[in-house]
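For reference, coords-v3.json is printed below; it contains JSON, C-alpha atoms.
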```json
[["chain", "number", "residue", "atom", "x", "y", "z"],
["E", 1, "MET", "CA", 77.82, -81.35, 61.45],
["E", 2, "SER", "CA", 76.50, -81.51, 57.87],
["E", 3, "ALA", "CA", 73.79, -84.07, 58.71],
["E", 4, "PRO", "CA", 72.12, -81.98, 61.45],
["E", 5, "GLN", "CA", 72.17, -78.84, 59.31],
["E", 6, "GLN", "CA", 69.89, -80.52, 56.80],
["E", 7, "HIS", "CA", 67.13, -80.34, 59.41],
["E", 8, "LEU", "CA", 67.60, -76.61, 59.98],
["E", 9, "HIS", "CA", 64.45, -75.49, 58.19],
["E", 10, "THR", "CA", 62.17, -78.44, 58.88],
["E", 11, "GLU", "CA", 59.28, -78.55, 61.31],
["E", 12, "ALA", "CA", 61.04, -81.02, 63.59],
["E", 13, "ALA", "CA", 64.00, -78.87, 64.63],
["E", 14, "VAL", "CA", 64.76, -81.13, 67.62],
["E", 15, "GLN", "CA", 66.43, -84.35, 66.43],
["E", 16, "PRO", "CA", 67.81, -87.18, 68.58],
["E", 17, "TYR", "CA", 71.56, -87.55, 68.69],
["E", 18, "ARG", "CA", 72.88, -90.62, 66.90],
["E", 19, "PRO", "CA", 76.57, -91.19, 67.58],
["E", 20, "HIS", "CA", 78.90, -91.95, 64.71],
["E", 21, "GLU", "CA", 81.88, -94.23, 64.89],
["E", 22, "THR", "CA", 84.18, -91.26, 65.46],
["E", 23, "ASP", "CA", 82.11, -90.07, 68.46],
["E", 24, "VAL", "CA", 82.64, -93.21, 70.52],
["E", 25, "ALA", "CA", 84.77, -92.56, 73.59],
["E", 26, "PRO", "CA", 88.24, -94.16, 73.48],
["E", 27, "HIS", "CA", 88.85, -97.22, 75.60],
["E", 28, "TYR", "CA", 91.62, -96.98, 78.15],
["E", 29, "ARG", "CA", 93.40, -99.96, 79.60],
["E", 30, "LEU", "CA", 92.87, -100.33, 83.28],
["E", 31, "PRO", "CA", 95.48, -101.88, 85.49],
["E", 32, "LEU", "CA", 94.76, -105.41, 86.46],
["E", 33, "SER", "CA", 94.37, -104.46, 90.10],
["E", 34, "VAL", "CA", 91.25, -102.40, 89.28],
["E", 35, "GLN", "CA", 88.30, -104.48, 88.29],
["E", 36, "ALA", "CA", 85.65, -102.90, 86.11],
["E", 37, "PRO", "CA", 82.09, -103.32, 87.38],
["E", 38, "ALA", "CA", 79.65, -105.29, 85.34],
["E", 39, "ALA", "CA", 78.24, -103.09, 82.56],
["E", 40, "ASP", "CA", 74.67, -104.24, 83.00],
["E", 41, "LEU", "CA", 74.52, -103.29, 86.72],
["E", 42, "VAL", "CA", 75.68, -99.68, 86.37],
["E", 43, "GLN", "CA", 73.54, -97.18, 84.54],
["E", 44, "LEU", "CA", 74.56, -93.52, 84.56],
["E", 45, "HIS", "CA", 72.10, -90.64, 84.34],
["E", 46, "ALA", "CA", 73.93, -89.21, 81.34],
["E", 47, "GLU", "CA", 73.28, -92.41, 79.46],
["E", 48, "ARG", "CA", 69.53, -92.18, 80.01],
["E", 49, "ASP", "CA", 69.13, -88.52, 78.94],
["E", 50, "PRO", "CA", 69.32, -88.45, 75.10],
["E", 51, "VAL", "CA", 71.02, -85.66, 73.19],
["E", 52, "VAL", "CA", 69.01, -83.68, 70.64],
["E", 53, "TRP", "CA", 69.97, -81.13, 68.00],
["E", 54, "VAL", "CA", 68.43, -77.65, 68.37],
["E", 55, "PRO", "CA", 69.04, -74.46, 66.38],
["E", 56, "ASP", "CA", 71.11, -71.77, 68.11],
["E", 57, "ALA", "CA", 70.79, -67.98, 67.77],
["E", 58, "TYR", "CA", 72.61, -68.03, 64.43],
["E", 59, "GLY", "CA", 70.55, -70.83, 62.89],
["E", 60, "GLN", "CA", 73.19, -73.57, 63.29],
["E", 61, "MET", "CA", 72.24, -76.88, 64.88],
["E", 62, "VAL", "CA", 73.93, -77.61, 68.19],
["E", 63, "PRO", "CA", 73.67, -80.71, 70.43],
["E", 64, "MET", "CA", 71.88, -80.35, 73.75],
["E", 65, "ARG", "CA", 70.53, -82.76, 76.37],
["E", 66, "ARG", "CA", 66.80, -83.33, 75.95],
["E", 67, "SER", "CA", 66.13, -82.33, 79.57],
["E", 68, "GLN", "CA", 67.77, -78.92, 78.91],
["E", 69, "ALA", "CA", 66.24, -78.32, 75.47],
["E", 70, "PRO", "CA", 63.57, -75.65, 75.22],
["E", 71, "ALA", "CA", 60.00, -76.79, 74.83],
["E", 72, "PRO", "CA", 58.78, -76.89, 71.23],
["E", 73, "ALA", "CA", 56.84, -73.82, 70.19],
["E", 74, "ALA", "CA", 53.08, -74.19, 70.57],
["E", 75, "PRO", "CA", 51.09, -73.63, 67.40],
["E", 76, "LEU", "CA", 49.46, -70.24, 67.16],
["E", 77, "PRO", "CA", 45.67, -70.11, 67.42],
["E", 78, "PRO", "CA", 43.88, -69.48, 64.12],
["E", 79, "ARG", "CA", 43.37, -65.84, 63.25],
["E", 80, "ASP", "CA", 39.95, -64.27, 62.89],
["E", 81, "LEU", "CA", 39.83, -63.25, 59.24],
["E", 82, "THR", "CA", 36.35, -61.75, 59.21],
["E", 83, "PRO", "CA", 36.52, -58.19, 57.83],
["E", 84, "PRO", "CA", 35.72, -55.36, 60.23],
["E", 85, "PRO", "CA", 32.54, -53.37, 59.63],
["E", 86, "LEU", "CA", 32.81, -50.61, 57.04],
["E", 87, "PHE", "CA", 31.62, -47.96, 59.52],
["E", 88, "ASP", "CA", 32.10, -47.98, 63.26],
["E", 89, "PRO", "CA", 28.75, -48.88, 64.93],
["E", 90, "ARG", "CA", 29.32, -46.44, 67.79],
["E", 91, "ALA", "CA", 30.08, -43.61, 65.35],
["E", 92, "GLN", "CA", 26.89, -44.49, 63.46],
["E", 93, "ARG", "CA", 24.84, -44.19, 66.66],
["E", 94, "ILE", "CA", 26.42, -40.82, 67.50],
["E", 95, "ALA", "CA", 25.83, -39.51, 63.98],
["E", 96, "ALA", "CA", 22.24, -40.78, 64.03],
["E", 97, "GLY", "CA", 21.65, -38.94, 67.31],
["E", 98, "GLY", "CA", 22.94, -35.71, 65.76],
["E", 99, "VAL", "CA", 20.79, -36.15, 62.66],
["E", 100, "LEU", "CA", 17.78, -36.87, 64.88],
["E", 101, "ALA", "CA", 18.39, -33.73, 66.94],
["E", 102, "ALA", "CA", 18.84, -31.58, 63.83],
["E", 103, "GLY", "CA", 15.72, -33.04, 62.21],
["E", 104, "THR", "CA", 13.67, -32.55, 65.36],
["E", 105, "GLY", "CA", 14.79, -28.92, 65.69],
["E", 106, "TRP", "CA", 14.04, -28.23, 62.04],
["E", 107, "GLY", "CA", 10.61, -29.87, 62.32],
["E", 108, "ILE", "CA", 9.70, -27.90, 65.44],
["E", 109, "GLY", "CA", 10.82, -24.70, 63.70],
["E", 110, "GLN", "CA", 8.59, -25.50, 60.71],
["E", 111, "ALA", "CA", 5.61, -26.18, 62.97],
["E", 112, "VAL", "CA", 6.09, -22.97, 64.98],
["E", 113, "SER", "CA", 6.47, -20.86, 61.84],
["E", 114, "ALA", "CA", 3.34, -22.46, 60.37],
["E", 115, "LEU", "CA", 1.44, -21.69, 63.55],
["E", 116, "ALA", "CA", 2.73, -18.13, 63.48],
["E", 117, "GLY", "CA", 1.60, -17.75, 59.87],
["E", 118, "LEU", "CA", -1.72, -19.40, 60.71],
["E", 119, "GLY", "CA", -2.24, -16.93, 63.54],
["E", 120, "ALA", "CA", -1.53, -13.92, 61.36],
["E", 121, "GLY", "CA", -3.63, -15.27, 58.49],
["E", 122, "ALA", "CA", -6.48, -16.24, 60.78],
["E", 123, "LEU", "CA", -6.44, -12.80, 62.40],
["E", 124, "MET", "CA", -6.60, -11.18, 58.98],
["E", 125, "TRP", "CA", -9.56, -13.38, 57.90],
["E", 126, "LEU", "CA", -11.27, -12.73, 61.24],
["E", 127, "ALA", "CA", -10.91, -8.98, 60.69],
["E", 128, "ILE", "CA", -12.31, -9.26, 57.16],
["E", 129, "ALA", "CA", -15.23, -11.39, 58.41],
["E", 130, "LEU", "CA", -15.94, -8.87, 61.16],
["E", 131, "VAL", "CA", -15.95, -5.96, 58.70],
["E", 132, "VAL", "CA", -18.26, -7.84, 56.33],
["E", 133, "TRP", "CA", -20.59, -8.83, 59.16],
["E", 134, "ARG", "CA", -20.81, -5.24, 60.42],
["E", 135, "ALA", "CA", -21.10, -3.74, 56.96],
["E", 136, "ALA", "CA", -23.70, -6.16, 55.60],
["E", 137, "PRO", "CA", -26.75, -4.90, 57.58],
["E", 138, "ALA", "CA", -25.83, -1.32, 56.90],
["E", 139, "ALA", "CA", -25.48, -2.02, 53.19],
["E", 140, "LEU", "CA", -28.85, -3.78, 53.07],
["E", 141, "SER", "CA", -30.83, -1.22, 55.05],
["E", 142, "ARG", "CA", -29.43, 1.73, 53.17],
["E", 143, "THR", "CA", -29.34, 3.83, 56.23],
["E", 144, "THR", "CA", -26.27, 5.82, 56.81],
["E", 145, "VAL", "CA", -24.86, 6.13, 60.22],
["E", 146, "GLU", "CA", -21.71, 8.12, 60.71],
["E", 147, "HIS", "CA", -19.44, 7.74, 63.63],
["E", 148, "HIS", "CA", -16.55, 10.05, 64.13],
["E", 149, "THR", "CA", -13.94, 8.88, 66.53],
["E", 150, "HIS", "CA", -10.75, 10.75, 67.24],
["E", 151, "VAL", "CA", -7.94, 8.86, 68.96],
["E", 152, "THR", "CA", -4.94, 10.70, 70.39],
["E", 153, "ASN", "CA", -1.94, 8.75, 71.58],
["E", 154, "ASN", "CA", 1.01, 10.44, 73.31],
["E", 155, "ASN", "CA", 4.16, 8.35, 73.91],
["E", 156, "ARG", "CA", 6.82, 9.54, 76.30],
["E", 157, "TRP", "CA", 10.15, 8.30, 77.61],
["E", 158, "LEU", "CA", 10.38, 5.01, 79.56],
["E", 159, "GLY", "CA", 7.28, 3.54, 77.89],
["E", 160, "ARG", "CA", 4.65, 5.95, 79.27],
["E", 161, "SER", "CA", 1.74, 6.41, 76.93],
["E", 162, "ASN", "CA", -1.51, 8.46, 77.13],
["E", 163, "THR", "CA", -4.39, 7.58, 74.86],
["E", 164, "THR", "CA", -7.50, 9.77, 74.52],
["E", 165, "VAL", "CA", -10.59, 8.66, 72.56],
["E", 166, "ASN", "CA", -13.18, 11.29, 71.56],
["E", 167, "HIS", "CA", -16.54, 10.22, 70.13]]
```

Write out the structure in this file as structure tokens.
Amino acid sequence: MSAPQQHLHTEAAVQPYRPHETDVAPHYRLPLSVQAPAADLVQLHAERDPVVWVPDAYGQMVPMRRSQAPAPAAPLPPRDLTPPPLFDPRAQRIAAGGVLAAGTGWGIGQAVSALAGLGAGALMWLAIALVVWRAAPAALSRTTVEHHTHVTNNNRWLGRSNTTVNH
């Protein structure tokens, strides 16, 4: 058993059985009344199926008929060794959508606030222009016209208001 154990850790774990001189079956004497058949005409199945050495569960080599031996292990396919991406592409798309939504909301808020400021500023400049336009002819003609207007506003509960204008 020392010769088969040399092949324990080699790639070819299945080795053909080669009988030694001690493994040969003993010859028995047959009575003369029984004639042995010719050796070349008889061929047994056991003689055609070679014996191979395979490792058992404990790593020792044991003999086994080749027809009963397990199939040799198929080589594993090569592994894909390309590194994965640093960031998950799907997570990048989700994050980009969130950044886009936040940026869009912030931009719309800036535009609306600018329009609100433009409206208030434009109304102020329109009021100044109107005062200048009305005051300019009066300042140039040097005539004085006085208008006295009295406005009375009474506010009550539930949003009722009364406004009186007296000229």

*asked:* Would you compute the distance between CA of Ala135 (chain E) and CA of Thr163 (chain E)? Give it in Å to one decimal.
replied: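 Separation of CA of Ala135 (chain E) and CA of Thr163 (chain E): 27.0 Å.
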
*Go ahead and compute the interatomic distance for CA of Pro55 (chain E) and CA of Ala73 (chain E), in Å to one decimal.*
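Interatomic distance here is 12.8 Å.
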
*Between CA of Val165 (chain E) and CA of Thr149 (chain E) - distance in Å to one decimal*: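 The value is 6.9 Å.
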
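Using all atoms listed in the file for every distance, the candidate list E:Asn154, E:Tyr58, E:His148, E:Val112 yields E:His148 as the residue closest to Asn166 (chain E).
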